[in-house]
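**Student:** One structure follows; several queries about it will come next.
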2 protein chains.
Amino acid sequence: MPTKPGPRIQEIHITPIAVVDPPLLNAAGLHAPYALRTILELVTDDGISGISEIPGNKAIDEALAQARERLIGKDVFQLAEIRQALINQFGTETAAQRGEAPWDQRKLVHIFSAVEVACLDIIGKVTSRPVVDLLGGKLRDRVPFAAYLFYKYEGAGGELGFDTDPAAQGWAAARQASALNPAEIVAQAKAMCVEFGFQSIKLKGGVFEPQQEVDAMLALWEAFGPDVPLRLDPNAIWTVETAIKYGRQLEPVLEYLEDPARGQLNMATVRKALAIPLATNMCTTSFEDIPSSIALGSEDIILSDHHFWGGLRSSMTLAGICETFGRGLSMHSNSHLGISLAAMVHLGAAIPQFSYALDTHYPWQSDEVIVGGRFRFEEGAVQVPQEPGLGVELDREALARLHQNYLDCGLTKRDDEIEMQKVQPGWTFQSVRW
Amino acid sequence: MPTKPGPRIQEIHITPIAVVDPPLLNAAGLHAPYALRTILELVTDDGISGISEIPGNKAIDEALAQARERLIGKDVFQLAEIRQALINQFGTETAAQRGEAPWDQRKLVHIFSAVEVACLDIIGKVTSRPVVDLLGGKLRDRVPFAAYLFYKYEGAGGELGFDTDPAAQGWAAARQASALNPAEIVAQAKAMCVEFGFQSIKLKGGVFEPQQEVDAMLALWEAFGPDVPLRLDPNAIWTVETAIKYGRQLEPVLEYLEDPARGQLNMATVRKALAIPLATNMCTTSFEDIPSSIALGSEDIILSDHHFWGGLRSSMTLAGICETFGRGLSMHSNSHLGISLAAMVHLGAAIPQFSYALDTHYPWQSDEVIVGGRFRFEEGAVQVPQEPGLGVELDREALARLHQNYLDCGLTKRDDEIEMQKVQPGWTFQSVRW
């Protein structure tokens with residue numbers, strides 16, 4: 001008997017939300033009190049809902065909305081056909097459209113990711129399998145993440161700008177504390193590792209002059225010892241000379257150095273000069289970038305991100321490419337909630353090669369949009385959901401509240417430069433600063 | 001609610017079969033009157049059967065049998081875990097273990113393929129989806145194949161050696177006719193294209209001295225005109241000089257030249273010298289071979305084969321690699337029946353890039369092991385099965401008969417050299433002949 005077609009997309013709900021975010025510093029400036037995310041919900045003709053979460057951006061939301069006519073009626077199993085329909089509508093995108101910011105500014109990859117993950121959530125539900133089983137099956141029950149440290153000003157983000165709660169304890173207190181020097185970074189790391197059990201540590205750098213950030217890494221090394229892998233991410237803001245000079249100091253203490261310089265040619269030069277692996281989520285960020293990355297030998301480790309690589313199945317293809325060419329693979333993160341975390345965990349559990357704890361901003365967020373509240377970390381790891389699909393469901397009350405935040409806060413895209421200018425008037429983003 | 005585990009493998013049936021095969025000539029010698037295949041059937045704890053077909057080889061059958069203990073009890077969705085268990089048992093395999101024959105002699109890739117395809121057949125049945133939908137969905141309803149011409153002696157293979165039926169008509173008559181010169185090759189092509197509707201033509205070369213094979217291609221060009229893409233496959237038996245010399249004559253008439261020389265370095269030299277795309281299923285045949293293929297630029301088109309690349313999902317990864325690096329992708333074939341054909345068709349329907357009709361030996365076989373008999377070709381294409389899983393079921397009576405053929409014929413592996421020596425005493429395989 002021929003099979004019936006799979007469930008068809010009947011409703012598409014695109015909900016931009018704003019979640020409180022602390023004043024985290026990075027090469028592009030300062031996080032606003034709210035980070036934007038967009039929640040996509042697809043509902044099939046038989047009433048099954050699939051969800052996904054992508055970075056919030058009004059232009060991407062509008063493009064998603066424009067794709068509505070092409071998506072309605074599509075069988076959720078026909079992921080390649082859906083992708084082709086989106087390419088037909090929007091054309092292809094070049095790697096250059098990524099932009100110079102630490103986050104990816106392409107539309108199409110975000111839209112692919114949003115639609116694909118929501119479809120996989122539905123497929124998981126109709127086949128009674130967790131999403132990881134749609135990616136080849138689960139190779140680990142728990143997916144380890146790294147502590148993600150940030151230089152930051154005091155406060156924790158929210159309605160009144162960057163709020164503080166004088167009664168906060170433990171990580172809640174550390175989350176709102178300032179961290180502007182090595183001692184404060186070590187304190188932040190300790191509080192985060194106590195709370196979440198992380199066993200690897202990454203510092204978002206590119207904020208202060210290089211020696212100050214190197215000193216922070218050396219202080220972390222002193223504090224945590226050789227058993228805790230350390231990483232520094234200057235977000236491609238260093239020159240080749242700076243990367244080599246400060247990279248040398250870091251050779252004894254780093255697991256890898258992330259995007260020390262801008263562009264594959266510069267990365268390749270730095271890589272030849274240093275005896276530490278280099279990782280990237282800024283210099284090799286699309287399949288189009290891969291051939292020159294391989295030819296130049298510009299990186300050792302690709303930091304995938306299913307939001308930027310066009311979904312979970314594309315990320316599995318990336319994993320296959322990395323395995324084929326002897327490159328490591330780990331995962332990049334922006335501010336996100338539990339739907340993205342669930343997708344990251346399913347992907348992390350399916351990837352054959354797994355040598356590095358994944359990045360996540362999750363500890364910095366306090367809001368949540370899924371039923372049951374926030375994911376828990378045990379020994380720095382998240383249990384792979386065993387429920388059908390992603391294993392998370394929308395908390396519609398939370399969604400409405402966070403959407404109201406979005407409407408109230410007035411932000412329509414991430415712009416860390418504008419936020420930074422509120423603190424340091426006249427500050428401008430420089431793609432290479434030191 | 002957490003999902004229950006997927007269906008578990010409870011029974012494993014490995015059945016070697018022998019199917020009648022005509023006296024086809026190739027660089028390695030002559031096809032025996034029987035081609036060997038192995039049929040794998042997995043049965044789950046809830047009684048669902050999944051099947052697959054791989055090239056027959058006693059050593060591979062024995063290895064499959066040795067894997068029994070590791071496979072029993074495995075959840076069919078846990079394909080990555082199953083693959084890892086097989087690697088744990090057998091160790092990894094190098095590309096060199098492929099051997100010098102036109103067909104691949106590695107064990108592990110065959111075992112992966114057999115187990116994975118049978119598991120996907122089961123997954124398709126339990127999720128009510130055709131296998132193509134487990135690979136990202138169907139991009140075409142019909143998958144086009146090429147006519148696959150062979151130099152051959154008279155006869156069509158069978159119990160009495162190479163039988164002939166004087167009453168045969170049409171393709172059945174052409175299938176048993178001799179084809180040893182350009183005129184007979186053109187006659188074979190015409191009969192095959194009339195019967196199956198093929199719209200591309202490949203000649204298996206490497207049999208006669210190069211000018212004779214070039215003349216056959218020029219005769220096909222004369223007979224079929226510029227709208228029918230032509231290919232020649234000398235099976236890597238030419239020197240670089242020969243490949244360039246005869247390749248020049250073929251430039252105006254070929255869609256691509258397949259494995260004109262042996263090894264990636266030689267292929268790269270030929271590729272630089274000729275203005276025709278080169279394809280391979282002998283010089284780049286595993287993921288391990290890919291980096292040097294890319295670095296050298298040794299081929300334009302990879303001829304995948306899910307039996308040799310470790311299954312359908314690995315073949316999709318290969319498709320992603322080819323797309324990423326701007327390489328074409330098509331499909332290689334050995335003598336096979338309908339289970340392999342079904343798997344090839346599901347894969348062919350899922351591959352995003354599809355520029356070349358796939359190879360198949362299928363017209364040369366007359367036996368079948370599936371219910372309903374042999375697949376039909378329309379305009380050279382096979383309709384993608386719409387039933388759950390592969391969409392084919394074992395004909396147990398045919399399986400028993402073909403297994404008896406296997407027991408009776410005494411063959412345990414493919415050896416075209418021994419068969420050739422029956423016709424030309426003292427003939428030996430040479431990896432480079434002209």
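Residues are referred to by chain and number: the chain letter is A, B, ... according to the order shown in the structure tokens, the number counts from 1 in that chain, and ligands are numbered separately from 1 in the order shown.
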How close does each residue of stretch 231-298 of chain B get to stretch 193-216 of chain B, giving the shortest atom pair and distance in Å to one decimal for every residue with an atom at most 12 Å away, counting only C-alpha atoms, sorted by chain and residue number, as a Markdown table?

**Tutor:**
| residue | atom | partner | partner_atom | distance |
| --- | --- | --- | --- | --- |
| B:Arg231 | CA | B:Lys202 | CA | 4.5 |
| B:Leu232 | CA | B:Leu203 | CA | 5.0 |
| B:Asp233 | CA | B:Lys204 | CA | 5.1 |
| B:Pro234 | CA | B:Gly206 | CA | 3.8 |
| B:Asn235 | CA | B:Gly206 | CA | 5.8 |
| B:Ala236 | CA | B:Gly206 | CA | 7.6 |
| B:Ile237 | CA | B:Gly206 | CA | 5.9 |
| B:Trp238 | CA | B:Gly206 | CA | 7.6 |
| B:Thr239 | CA | B:Pro210 | CA | 10.8 |
| B:Glu241 | CA | B:Pro210 | CA | 11.6 |
| B:Thr242 | CA | B:Pro210 | CA | 7.8 |
| B:Ala243 | CA | B:Pro210 | CA | 8.8 |
| B:Ile244 | CA | B:Pro210 | CA | 11.3 |
| B:Lys245 | CA | B:Pro210 | CA | 9.6 |
| B:Tyr246 | CA | B:Pro210 | CA | 7.0 |
| B:Gly247 | CA | B:Val214 | CA | 8.5 |
| B:Arg248 | CA | B:Val214 | CA | 10.2 |
| B:Gln249 | CA | B:Val214 | CA | 7.4 |
| B:Leu250 | CA | B:Val214 | CA | 6.9 |
| B:Glu251 | CA | B:Val214 | CA | 10.7 |
| B:Pro252 | CA | B:Val214 | CA | 11.7 |
| B:Val253 | CA | B:Val214 | CA | 10.0 |
| B:Leu254 | CA | B:Lys202 | CA | 9.6 |
| B:Glu255 | CA | B:Ser200 | CA | 9.1 |
| B:Tyr256 | CA | B:Lys202 | CA | 9.5 |
| B:Leu257 | CA | B:Lys202 | CA | 9.6 |
| B:Glu258 | CA | B:Lys204 | CA | 9.4 |
| B:Asp259 | CA | B:Gly206 | CA | 9.9 |
| B:Pro260 | CA | B:Gly206 | CA | 8.8 |
| B:Ala261 | CA | B:Gly206 | CA | 10.4 |
| B:Arg262 | CA | B:Gly206 | CA | 11.9 |

**Student:** Dump as a PyMOL selection string the residues of chain A that approach chain B to within 8 Å, counting only C-alpha atoms.

**Tutor:** chain A and resi 1-3+6+77-81+126-130+133-134+136-139+287-288+290-291+295+317+320-321+324-325+350+352+385-388

**Student:** I'd like the contact shell of stretch 40-49 of chain B - 10 Å cut-off, only C-alpha atoms, skipping same-chain residues fewer than 5 positions apart - returned as number ranges by chain.

**Tutor:** B: 6-16, 54, 61, 64, 71-76, 111, 114-115, 117-119, 121-123, 125-126, 393-394

**Student:** Can you tell me how far atom CA of B:Asn88 sits from atom CA of B:Gln66, in Å to one decimal?

**Tutor:**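 A separation of 12.5 Å between them.
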
**Student:** Please, what distance in Å, to one decimal, runs between atom CA of B:Gln424 and atom CA of B:Ala187?

**Tutor:** 25.2 Å

**Student:** May I ask for the distance between atom CA of A:Ser340 and atom CA of A:Glu53, given in Å to one decimal place?

**Tutor:** 5.5 Å

**Student:** Can you list, as an MDAnalysis selection string, every protein, DNA or RNA residue that comes within 8 Å of A:His31 when you count only C-alpha atoms, leaving out same-chain residues fewer than 4 positions away?

**Tutor:** chainID A and resid 21:25 35 415:416 419:420

**Student:** I need the strand (DSSP E) residues of stretch 294-420 of chain B per DSSP on the backbone, written as a PyMOL selection string.

**Tutor:** chain B and resi 301-304+328-331+381-383

**Student:** Quick one: write out the picked residues with C-alpha atoms as a JSON list (two decimals), in the first residue's frame?

**Tutor:**
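That gives us selection_16.json:
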[["chain", "number", "residue", "atom", "x", "y", "z"],
["B", 301, "ILE", "CA", 32.27, 13.59, -10.55],
["B", 302, "ILE", "CA", 32.18, 11.00, -7.79],
["B", 303, "LEU", "CA", 30.25, 7.85, -8.65],
["B", 304, "SER", "CA", 28.80, 6.94, -5.29],
["B", 328, "GLY", "CA", 29.27, 16.30, -9.40],
["B", 329, "LEU", "CA", 27.72, 13.13, -8.07],
["B", 330, "SER", "CA", 26.29, 10.12, -9.80],
["B", 331, "MET", "CA", 26.07, 6.41, -9.02],
["B", 381, "ALA", "CA", 13.72, 5.93, -15.25],
["B", 382, "VAL", "CA", 12.40, 4.03, -12.25],
["B", 383, "GLN", "CA", 9.45, 5.31, -10.25]]
